[in-house]
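J.: So that you have it, the file is structure-v3.cif, and it contains mmCIF, C-alpha atoms and all ligand atoms:
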```cif
data_protein
loop_
_atom_site.label_atom_id
_atom_site.label_comp_id
_atom_site.auth_asym_id
_atom_site.auth_seq_id
_atom_site.Cartn_x
_atom_site.Cartn_y
_atom_site.Cartn_z
CA MET A 1 -34.38 71.16 0.73
CA LYS A 2 -32.21 73.46 2.86
CA LYS A 3 -28.59 72.99 1.98
CA ASN A 4 -27.06 76.27 3.06
CA ASN A 5 -27.56 79.15 5.43
CA ILE A 6 -29.51 81.27 3.01
CA LEU A 7 -32.74 82.64 4.44
CA ILE A 8 -35.77 83.46 2.28
CA SER A 9 -38.14 86.20 3.40
CA PRO A 10 -41.17 86.41 1.08
CA SER A 11 -42.52 89.95 0.82
CA ILE A 12 -46.26 89.77 1.42
CA LEU A 13 -46.64 93.05 -0.47
CA ALA A 14 -46.99 90.88 -3.59
CA ALA A 15 -49.43 88.43 -1.96
CA ASP A 16 -53.19 88.44 -2.42
CA PHE A 17 -54.25 91.03 0.18
CA ALA A 18 -57.77 89.63 0.29
CA LYS A 19 -56.37 86.43 1.83
CA LEU A 20 -53.17 87.43 3.59
CA GLY A 21 -53.59 84.85 6.36
CA GLN A 22 -53.82 81.99 3.85
CA GLU A 23 -50.90 83.35 1.85
CA ILE A 24 -48.73 83.39 4.98
CA VAL A 25 -49.70 79.81 5.80
CA ALA A 26 -48.87 78.82 2.21
CA VAL A 27 -45.35 80.33 2.18
CA ASP A 28 -44.69 79.05 5.71
CA LYS A 29 -45.51 75.49 4.55
CA ALA A 30 -43.49 76.06 1.39
CA GLY A 31 -40.35 76.64 3.47
CA ALA A 32 -40.09 80.41 3.94
CA ASP A 33 -37.74 81.33 6.79
CA TRP A 34 -39.05 84.80 7.60
CA MET A 35 -42.08 86.87 6.56
CA HIS A 36 -41.12 90.24 5.09
CA ILE A 37 -43.73 92.88 5.92
CA ASP A 38 -43.44 96.25 4.19
CA ILE A 39 -44.81 99.20 6.13
CA MET A 40 -45.22 102.33 3.98
CA ASP A 41 -46.55 105.68 5.13
CA GLY A 42 -47.25 107.62 1.92
CA HIS A 43 -44.64 110.14 3.03
CA PHE A 44 -41.22 108.47 3.22
CA VAL A 45 -42.30 106.47 0.18
CA PRO A 46 -45.11 107.25 -2.28
CA ASN A 47 -47.28 104.29 -1.26
CA LEU A 48 -49.39 103.14 1.68
CA THR A 49 -49.63 99.65 3.07
CA ILE A 50 -50.69 98.32 6.44
CA GLY A 51 -50.56 99.27 10.11
CA PRO A 52 -49.94 97.37 13.35
CA GLU A 53 -53.53 96.07 13.62
CA VAL A 54 -53.18 94.10 10.39
CA VAL A 55 -49.76 92.76 11.43
CA SER A 56 -51.18 91.72 14.77
CA SER A 57 -54.05 89.88 13.11
CA LEU A 58 -51.56 87.99 10.91
CA ARG A 59 -49.46 86.83 13.86
CA GLN A 60 -51.67 83.79 14.49
CA TYR A 61 -50.91 82.26 11.06
CA THR A 62 -47.21 81.48 11.53
CA LYS A 63 -44.44 81.12 14.08
CA LYS A 64 -41.83 82.26 11.57
CA LEU A 65 -40.06 85.56 12.22
CA PHE A 66 -41.89 88.73 11.26
CA ASP A 67 -39.31 90.79 9.37
CA VAL A 68 -40.84 94.26 9.47
CA HIS A 69 -39.39 96.77 6.99
CA LEU A 70 -40.41 100.20 8.21
CA MET A 71 -40.56 102.75 5.40
CA THR A 72 -41.94 105.54 7.56
CA MET A 73 -40.57 108.94 8.52
CA PRO A 74 -40.29 109.33 11.42
CA ALA A 75 -39.78 105.71 12.43
CA ASN A 76 -39.52 105.94 16.21
CA ASN A 77 -43.24 106.39 16.91
CA TRP A 78 -43.97 103.06 15.16
CA LEU A 79 -41.40 100.90 16.95
CA GLU A 80 -43.45 100.00 20.00
CA PRO A 81 -46.75 99.48 18.10
CA PHE A 82 -45.10 97.03 15.68
CA ALA A 83 -43.23 95.29 18.51
CA LYS A 84 -46.60 94.79 20.26
CA ALA A 85 -48.10 93.58 16.98
CA GLY A 86 -45.60 90.72 16.87
CA ALA A 87 -42.55 91.94 14.95
CA ASP A 88 -39.35 89.98 15.58
CA ILE A 89 -37.09 92.22 13.51
CA ILE A 90 -37.69 95.89 12.83
CA THR A 91 -35.63 97.52 10.11
CA ILE A 92 -35.62 101.29 9.90
CA HIS A 93 -34.24 103.53 7.17
CA LEU A 94 -31.11 105.53 7.83
CA GLU A 95 -32.70 108.38 5.86
CA ALA A 96 -35.79 108.47 8.10
CA GLU A 97 -34.45 109.33 11.57
CA SER A 98 -31.91 111.79 12.93
CA ASN A 99 -30.56 109.75 15.86
CA ILE A 100 -30.09 106.29 14.38
CA LYS A 101 -28.14 104.89 17.33
CA GLU A 102 -31.01 105.83 19.63
CA SER A 103 -33.61 104.23 17.31
CA LEU A 104 -31.61 101.00 17.13
CA LYS A 105 -31.33 101.02 20.93
CA ILE A 106 -35.10 101.40 21.26
CA ILE A 107 -35.68 98.41 18.95
CA LYS A 108 -33.26 96.25 20.98
CA GLY A 109 -34.81 97.50 24.21
CA LEU A 110 -38.14 96.14 22.95
CA GLY A 111 -36.48 92.71 22.73
CA LEU A 112 -36.26 92.67 18.93
CA LYS A 113 -33.54 92.38 16.34
CA ALA A 114 -32.59 95.76 14.91
CA GLY A 115 -32.10 96.31 11.20
CA LEU A 116 -30.88 99.31 9.25
CA SER A 117 -31.65 99.94 5.60
CA ILE A 118 -30.37 102.35 2.98
CA LYS A 119 -31.94 103.50 -0.28
CA PRO A 120 -30.02 102.94 -3.51
CA SER A 121 -28.88 106.59 -3.52
CA THR A 122 -27.36 106.37 -0.01
CA SER A 123 -23.72 105.37 0.32
CA GLU A 124 -22.83 102.31 2.37
CA ASN A 125 -20.10 104.36 4.06
CA THR A 126 -22.84 106.00 6.15
CA LEU A 127 -23.47 102.60 7.78
CA GLU A 128 -20.06 102.19 9.32
CA LYS A 129 -20.76 104.11 12.51
CA TYR A 130 -23.98 102.19 13.18
CA ILE A 131 -23.20 98.67 12.02
CA GLU A 132 -22.04 97.47 15.44
CA TYR A 133 -25.51 98.31 16.85
CA CYS A 134 -27.29 96.36 14.10
CA ASP A 135 -28.31 92.73 13.77
CA LEU A 136 -29.07 93.22 10.11
CA ILE A 137 -28.37 95.51 7.18
CA LEU A 138 -31.02 95.68 4.46
CA VAL A 139 -29.72 96.73 1.07
CA MET A 140 -32.43 98.12 -1.20
CA THR A 141 -31.91 97.08 -4.81
CA VAL A 142 -34.90 99.16 -6.02
CA ASN A 143 -36.19 102.53 -4.87
CA PRO A 144 -38.46 101.67 -1.93
CA GLY A 145 -42.20 102.05 -2.42
CA PHE A 146 -43.36 99.38 -4.84
CA GLY A 147 -42.94 95.72 -5.62
CA GLY A 148 -42.22 94.40 -9.09
CA GLN A 149 -39.41 96.81 -10.00
CA LYS A 150 -36.22 95.96 -11.82
CA PHE A 151 -33.19 94.90 -9.78
CA MET A 152 -30.44 97.57 -9.76
CA THR A 153 -27.16 95.78 -10.44
CA THR A 154 -25.35 98.97 -9.39
CA GLN A 155 -26.10 97.95 -5.78
CA LEU A 156 -24.06 94.74 -5.93
CA GLU A 157 -20.85 96.53 -5.11
CA LYS A 158 -22.57 97.99 -2.06
CA ILE A 159 -23.36 94.45 -0.84
CA ARG A 160 -19.71 93.46 -1.37
CA ASN A 161 -18.50 96.52 0.52
CA ILE A 162 -20.84 95.86 3.44
CA LYS A 163 -19.65 92.24 3.58
CA ASN A 164 -16.06 93.48 3.69
CA MET A 165 -16.94 96.06 6.34
CA GLN A 166 -18.47 93.29 8.43
CA LYS A 167 -15.35 91.12 8.08
CA ARG A 168 -13.01 94.00 8.77
CA LEU A 169 -14.88 94.97 11.95
CA GLY A 170 -15.23 91.31 12.97
CA ILE A 171 -18.97 91.49 13.55
CA ASN A 172 -21.70 89.03 12.76
CA ILE A 173 -24.79 90.45 11.06
CA ASP A 174 -27.28 89.39 8.43
CA ILE A 175 -27.06 91.07 5.04
CA GLU A 176 -30.50 91.15 3.45
CA VAL A 177 -31.36 92.24 -0.09
CA ASP A 178 -34.74 93.65 -1.09
CA GLY A 179 -36.12 94.53 -4.53
CA GLY A 180 -36.25 92.71 -7.83
CA VAL A 181 -34.79 89.52 -6.39
CA ASN A 182 -35.51 86.54 -8.63
CA LYS A 183 -33.83 83.31 -9.75
CA GLU A 184 -31.18 85.20 -11.73
CA THR A 185 -30.49 88.20 -9.50
CA SER A 186 -30.50 86.11 -6.29
CA LYS A 187 -27.33 84.39 -7.49
CA LEU A 188 -25.59 87.76 -7.87
CA CYS A 189 -26.70 88.83 -4.37
CA LEU A 190 -25.41 85.64 -2.78
CA GLU A 191 -22.10 85.87 -4.62
CA ALA A 192 -21.75 89.45 -3.38
CA GLY A 193 -22.17 88.32 0.25
CA ALA A 194 -25.89 88.53 1.10
CA ASN A 195 -27.46 85.77 3.20
CA VAL A 196 -31.12 86.86 3.39
CA LEU A 197 -33.21 87.29 0.25
CA VAL A 198 -36.51 89.15 0.16
CA ALA A 199 -38.72 88.16 -2.77
CA GLY A 200 -42.21 89.44 -3.53
CA ASN A 201 -43.22 88.96 -7.13
CA ALA A 202 -40.72 86.15 -7.71
CA ILE A 203 -42.83 84.05 -5.32
CA PHE A 204 -46.38 85.40 -5.09
CA SER A 205 -46.98 86.07 -8.77
CA GLU A 206 -47.22 82.33 -9.35
CA ASP A 207 -49.78 79.79 -8.19
CA ALA A 208 -49.51 78.79 -4.50
CA LYS A 209 -48.66 75.22 -5.48
CA ASN A 210 -45.36 76.53 -6.91
CA TYR A 211 -44.27 78.49 -3.82
CA SER A 212 -42.12 75.65 -2.50
CA ASN A 213 -40.23 75.21 -5.80
CA LEU A 214 -39.73 78.94 -6.13
CA ILE A 215 -38.41 79.29 -2.57
CA ASN A 216 -36.08 76.32 -3.05
CA SER A 217 -34.75 77.63 -6.31
CA LEU A 218 -33.95 81.00 -4.72
CA ARG A 219 -32.23 79.28 -1.82
CA ASN A 220 -30.34 76.69 -3.80
CA ASN A 221 -29.70 78.73 -6.90
CA ASN A 222 -31.12 76.36 -9.45
C1 LIG A 301 -40.18 97.71 -1.91
C2 LIG A 301 -40.31 96.68 -0.82
C3 LIG A 301 -40.02 95.30 -1.22
C4 LIG A 301 -40.92 94.75 -2.30
C5 LIG A 301 -40.11 93.74 -3.06
O1 LIG A 301 -40.19 98.97 -1.34
O2 LIG A 301 -39.45 96.98 0.25
O3 LIG A 301 -40.02 94.43 -0.10
O4 LIG A 301 -42.06 94.12 -1.82
O5 LIG A 301 -40.88 93.26 -4.10
P1 LIG A 301 -40.26 92.51 -5.36
O6 LIG A 301 -39.53 91.30 -4.84
O7 LIG A 301 -41.43 92.18 -6.18
O8 LIG A 301 -39.31 93.49 -6.01
ZN ZN A 302 -39.16 95.51 1.87
#
```
With the file now loaded, output its structure as structure tokens.
Ligand code: DX5
Ligand code: ZN
T.:
Amino acid sequence: MKKNNILISPSILAADFAKLGQEIVAVDKAGADWMHIDIMDGHFVPNLTIGPEVVSSLRQYTKKLFDVHLMTMPANNWLEPFAKAGADIITIHLEAESNIKESLKIIKGLGLKAGLSIKPSTSENTLEKYIEYCDLILVMTVNPGFGGQKFMTTQLEKIRNIKNMQKRLGINIDIEVDGGVNKETSKLCLEAGANVLVAGNAIFSEDAKNYSNLINSLRNNN
């Protein structure tokens, strides 16, 4: 049951890739709010995932928001293809482009929500000059590239600082956390000020009949 404004965005990176359509239907029915789709280019991160054609073919399986996390460098040449493929949100990495303001403007110009992400080694202070152009900030709590890594508690202060920055500047954005989020660490993220939780292994490593319980326990913290 939904009892708060916490949004859950299952990362399909941990789903069964041989039946991605069915997996999306299953988490949609189980109460997922968004679908987190990790795009990796083997260059910005040491792993490869999927391109716009696959995303486009998944679009028919749900009406929920496609939360596309672009781990590519450069990012700009992929904005339009993923917008056409059905993305609702595109999050780029601050480390991957030189003119971030321009990239965020392109995303908004495509009619999408614009997100900005930073790696664990990047300071949150770098976000301040871009935050007003963002709909979302994605805080990485693992080094991007792979699912199933251990949550870095060192990033909790970063979430708190971004929440304070948001309050201080009087702007309204989503604060999303990605990497190692599970029943225990989700609580810490929410306490620190996050409102969107990405979870890959914490959901997809169990049987599909448990997806609903797992999503609810992340959302309701029980
Ligand atoms: C890592 C990805 C994450 C990943 C999270 O680079 O951005 O979205 O799928 O997976 P878990 O929740 O298993 O850490
Ligand atoms: Zn991600």
J.: Find the residues around region 117-133 of chain A up to 9 Å (all atoms listed in the file counted), leave out those fewer than 6 positions away in its own chain, and share them as a list in words.
T.: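 In the requested form, the answer reads His69, Thr91, Ile92, His93, Leu94, Glu95, Ile100, Lys101, Leu104, Lys105, Val139, Met140, Thr141, Val142, Asn143, Pro144, Met152, Thr154, Gln155, Lys158, Ile159, Asn161, Ile162, Met165, Gln166, Leu169, Ile171, Asn172 and Ile173 of chain A.
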J.: Residues within 10 Å of ligand LIG 301 (chain A), counting all atoms listed in the file: report them as an mmCIF file with C-alpha atoms, in the frame of the given file.
T.:
```cif
data_model
loop_
_atom_site.group_PDB
_atom_site.id
_atom_site.type_symbol
_atom_site.label_atom_id
_atom_site.label_comp_id
_atom_site.auth_asym_id
_atom_site.auth_seq_id
_atom_site.Cartn_x
_atom_site.Cartn_y
_atom_site.Cartn_z
ATOM 1 C CA SER A 9 -38.140 86.200 3.400
ATOM 2 C CA PRO A 10 -41.170 86.410 1.080
ATOM 3 C CA SER A 11 -42.520 89.950 0.820
ATOM 4 C CA ILE A 12 -46.260 89.770 1.420
ATOM 5 C CA LEU A 13 -46.640 93.050 -0.470
ATOM 6 C CA ALA A 14 -46.990 90.880 -3.590
ATOM 7 C CA ALA A 15 -49.430 88.430 -1.960
ATOM 8 C CA HIS A 36 -41.120 90.240 5.090
ATOM 9 C CA ILE A 37 -43.730 92.880 5.920
ATOM 10 C CA ASP A 38 -43.440 96.250 4.190
ATOM 11 C CA ILE A 39 -44.810 99.200 6.130
ATOM 12 C CA MET A 40 -45.220 102.330 3.980
ATOM 13 C CA VAL A 45 -42.300 106.470 0.180
ATOM 14 C CA PRO A 46 -45.110 107.250 -2.280
ATOM 15 C CA ASN A 47 -47.280 104.290 -1.260
ATOM 16 C CA VAL A 68 -40.840 94.260 9.470
ATOM 17 C CA HIS A 69 -39.390 96.770 6.990
ATOM 18 C CA LEU A 70 -40.410 100.200 8.210
ATOM 19 C CA MET A 71 -40.560 102.750 5.400
ATOM 20 C CA SER A 117 -31.650 99.940 5.600
ATOM 21 C CA LYS A 119 -31.940 103.500 -0.280
ATOM 22 C CA LEU A 138 -31.020 95.680 4.460
ATOM 23 C CA VAL A 139 -29.720 96.730 1.070
ATOM 24 C CA MET A 140 -32.430 98.120 -1.200
ATOM 25 C CA THR A 141 -31.910 97.080 -4.810
ATOM 26 C CA VAL A 142 -34.900 99.160 -6.020
ATOM 27 C CA ASN A 143 -36.190 102.530 -4.870
ATOM 28 C CA PRO A 144 -38.460 101.670 -1.930
ATOM 29 C CA GLY A 145 -42.200 102.050 -2.420
ATOM 30 C CA PHE A 146 -43.360 99.380 -4.840
ATOM 31 C CA GLY A 147 -42.940 95.720 -5.620
ATOM 32 C CA GLY A 148 -42.220 94.400 -9.090
ATOM 33 C CA GLN A 149 -39.410 96.810 -10.000
ATOM 34 C CA LYS A 150 -36.220 95.960 -11.820
ATOM 35 C CA PHE A 151 -33.190 94.900 -9.780
ATOM 36 C CA VAL A 177 -31.360 92.240 -0.090
ATOM 37 C CA ASP A 178 -34.740 93.650 -1.090
ATOM 38 C CA GLY A 179 -36.120 94.530 -4.530
ATOM 39 C CA GLY A 180 -36.250 92.710 -7.830
ATOM 40 C CA VAL A 181 -34.790 89.520 -6.390
ATOM 41 C CA ASN A 182 -35.510 86.540 -8.630
ATOM 42 C CA LEU A 197 -33.210 87.290 0.250
ATOM 43 C CA VAL A 198 -36.510 89.150 0.160
ATOM 44 C CA ALA A 199 -38.720 88.160 -2.770
ATOM 45 C CA GLY A 200 -42.210 89.440 -3.530
ATOM 46 C CA ASN A 201 -43.220 88.960 -7.130
ATOM 47 C CA ALA A 202 -40.720 86.150 -7.710
ATOM 48 C CA ILE A 203 -42.830 84.050 -5.320
ATOM 49 C CA PHE A 204 -46.380 85.400 -5.090
ATOM 50 C CA SER A 205 -46.980 86.070 -8.770
#
```
J.: Could you tell me how far CA of Tyr61 (chain A) lies from CA of Asp207 (chain A), in Å and to one decimal?
T.: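 Spanning CA of Tyr61 (chain A) to CA of Asp207 (chain A) is a straight-line distance of 19.4 Å.
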J.: Please, what distance in Å, to one decimal, runs between CA of Arg59 (chain A) and CA of Leu218 (chain A)?
T.: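 One can read the CA of Arg59 (chain A) to CA of Leu218 (chain A) distance as 24.9 Å.
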J.: How big is the axis-aligned box around all listed atoms of region 171-180 of chain A once 6 Å goes on each side, and where's its centre, in Å to one decimal, as JSON?
T.:
```
{"center_x": -27.6, "center_y": 91.8, "center_z": 2.9, "size_x": 29.3, "size_y": 17.5, "size_z": 33.4}
```
J.: Mind listing whatever residues come within 12 Å of the point (-27.7, 76.5, -6.1)? Use only C-alpha atoms, file coordinates, and give them as an MDAnalysis selection string.
T.: chainID A and resid 1:6 183:184 186:188 190:191 215:222
J.: Can those selected residues be exported to a file as a PDB file, in the frame of the given file so that it contains C-alpha atoms?
T.:
```
ATOM      1  CA  MET A   1     -34.380  71.160   0.730  1.00  0.00           C
ATOM      2  CA  LYS A   2     -32.210  73.460   2.860  1.00  0.00           C
ATOM      3  CA  LYS A   3     -28.590  72.990   1.980  1.00  0.00           C
ATOM      4  CA  ASN A   4     -27.060  76.270   3.060  1.00  0.00           C
ATOM      5  CA  ASN A   5     -27.560  79.150   5.430  1.00  0.00           C
ATOM      6  CA  ILE A   6     -29.510  81.270   3.010  1.00  0.00           C
ATOM      7  CA  LYS A 183     -33.830  83.310  -9.750  1.00  0.00           C
ATOM      8  CA  GLU A 184     -31.180  85.200 -11.730  1.00  0.00           C
ATOM      9  CA  SER A 186     -30.500  86.110  -6.290  1.00  0.00           C
ATOM     10  CA  LYS A 187     -27.330  84.390  -7.490  1.00  0.00           C
ATOM     11  CA  LEU A 188     -25.590  87.760  -7.870  1.00  0.00           C
ATOM     12  CA  LEU A 190     -25.410  85.640  -2.780  1.00  0.00           C
ATOM     13  CA  GLU A 191     -22.100  85.870  -4.620  1.00  0.00           C
ATOM     14  CA  ILE A 215     -38.410  79.290  -2.570  1.00  0.00           C
ATOM     15  CA  ASN A 216     -36.080  76.320  -3.050  1.00  0.00           C
ATOM     16  CA  SER A 217     -34.750  77.630  -6.310  1.00  0.00           C
ATOM     17  CA  LEU A 218     -33.950  81.000  -4.720  1.00  0.00           C
ATOM     18  CA  ARG A 219     -32.230  79.280  -1.820  1.00  0.00           C
ATOM     19  CA  ASN A 220     -30.340  76.690  -3.800  1.00  0.00           C
ATOM     20  CA  ASN A 221     -29.700  78.730  -6.900  1.00  0.00           C
ATOM     21  CA  ASN A 222     -31.120  76.360  -9.450  1.00  0.00           C
TER      22      ASN A 222
END
```
J.: Of the candidates A:Gly193, A:Gly115, A:Gly170, A:Pro74, which shows the shortest atom-to-atom distance to ligand ZN 302 (chain A), using all atoms listed in the file?
T.: A:Gly115
J.: With distances taken over all atoms listed in the file, which residue among A:Asp16, A:Asp67, A:Asp33, A:Asp88 lies nearest ligand ZN 302 (chain A)?
T.: A:Asp67
J.: Would you please work out which residue, of A:Ala85, A:Ile90, A:Ala30, A:Ala75, is nearest to ligand ZN 302 (chain A) when using only C-alpha atoms and all ligand atoms?
T.: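 For ligand ZN 302 (chain A), the nearest of the candidates is A:Ile90.
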J.: Determine, counting all atoms listed in the file, which protein, DNA and RNA residues have an atom within 10 Å of an atom of Glu53 (chain A); residues of the same chain fewer than 4 positions away are not included. Present the result as an mmCIF file with C-alpha atoms, in the coordinates of the input.
T.:
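See selection20.cif below for the written result:
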```cif
data_model
loop_
_atom_site.group_PDB
_atom_site.id
_atom_site.type_symbol
_atom_site.label_atom_id
_atom_site.label_comp_id
_atom_site.auth_asym_id
_atom_site.auth_seq_id
_atom_site.Cartn_x
_atom_site.Cartn_y
_atom_site.Cartn_z
ATOM 1 C CA SER A 57 -54.050 89.880 13.110
ATOM 2 C CA LEU A 58 -51.560 87.990 10.910
ATOM 3 C CA PRO A 81 -46.750 99.480 18.100
ATOM 4 C CA PHE A 82 -45.100 97.030 15.680
ATOM 5 C CA LYS A 84 -46.600 94.790 20.260
ATOM 6 C CA ALA A 85 -48.100 93.580 16.980
#
```
J.: Would you work out the distance separating CA of Phe66 (chain A) from CA of Asn195 (chain A), expressed in Å to one decimal?
T.: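 Computing the Euclidean distance for CA of Phe66 (chain A) and CA of Asn195 (chain A) yields 16.8 Å.
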J.: Pick the closest to ligand ZN 302 (chain A) from A:Leu116, A:Leu110, A:Ala208, A:Ala32: which is it, counting only C-alpha atoms and all ligand atoms?
T.: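 Ranked by minimum distance to ligand ZN 302 (chain A), first place goes to A:Leu116.
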J.: Determine, counting all atoms listed in the file, which protein, DNA and RNA residues have an atom within 10 Å of an atom of Lys209 (chain A); residues of the same chain fewer than 5 positions away are not included. Present the result as a PyMOL selection string.
T.: chain A and resi 26-27+30+214
J.: Missing atoms in region 37-52 of chain A need filling: write out N, CA and C atoms for it as a tab-separated table (two decimals), in the coordinates of the input.
T.:
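See rebuild01.tsv below for the written result:
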```
chain	number	residue	atom	x	y	z
A	37	ILE	N	-42.51	92.06	5.87
A	37	ILE	CA	-43.73	92.88	5.92
A	37	ILE	C	-43.35	94.34	5.70
A	38	ASP	N	-43.80	94.89	4.59
A	38	ASP	CA	-43.44	96.25	4.19
A	38	ASP	C	-44.45	97.25	4.73
A	39	ILE	N	-43.95	98.17	5.55
A	39	ILE	CA	-44.81	99.20	6.13
A	39	ILE	C	-44.48	100.53	5.46
A	40	MET	N	-45.44	101.08	4.73
A	40	MET	CA	-45.22	102.33	3.98
A	40	MET	C	-46.22	103.38	4.43
A	41	ASP	N	-45.73	104.63	4.52
A	41	ASP	CA	-46.55	105.68	5.13
A	41	ASP	C	-47.07	106.75	4.15
A	42	GLY	N	-46.79	106.61	2.87
A	42	GLY	CA	-47.25	107.62	1.92
A	42	GLY	C	-46.50	108.93	2.04
A	43	HIS	N	-45.40	108.92	2.78
A	43	HIS	CA	-44.64	110.14	3.03
A	43	HIS	C	-43.15	109.87	2.78
A	44	PHE	N	-42.60	108.87	3.48
A	44	PHE	CA	-41.22	108.47	3.22
A	44	PHE	C	-41.13	107.81	1.86
A	45	VAL	N	-42.18	107.09	1.51
A	45	VAL	CA	-42.30	106.47	0.18
A	45	VAL	C	-43.68	106.79	-0.38
A	46	PRO	N	-43.82	106.83	-1.70
A	46	PRO	CA	-45.11	107.25	-2.28
A	46	PRO	C	-46.14	106.12	-2.36
A	47	ASN	N	-46.30	105.38	-1.28
A	47	ASN	CA	-47.28	104.29	-1.26
A	47	ASN	C	-47.68	104.04	0.18
A	48	LEU	N	-48.84	103.44	0.35
A	48	LEU	CA	-49.39	103.14	1.68
A	48	LEU	C	-49.64	101.65	1.79
A	49	THR	N	-49.29	101.07	2.93
A	49	THR	CA	-49.63	99.65	3.07
A	49	THR	C	-50.46	99.42	4.32
A	50	ILE	N	-49.87	98.75	5.30
A	50	ILE	CA	-50.69	98.32	6.44
A	50	ILE	C	-50.13	98.85	7.75
A	51	GLY	N	-50.97	98.82	8.78
A	51	GLY	CA	-50.56	99.27	10.11
A	51	GLY	C	-50.46	98.11	11.08
A	52	PRO	N	-50.16	98.42	12.35
A	52	PRO	CA	-49.94	97.37	13.35
A	52	PRO	C	-51.13	96.44	13.56
```
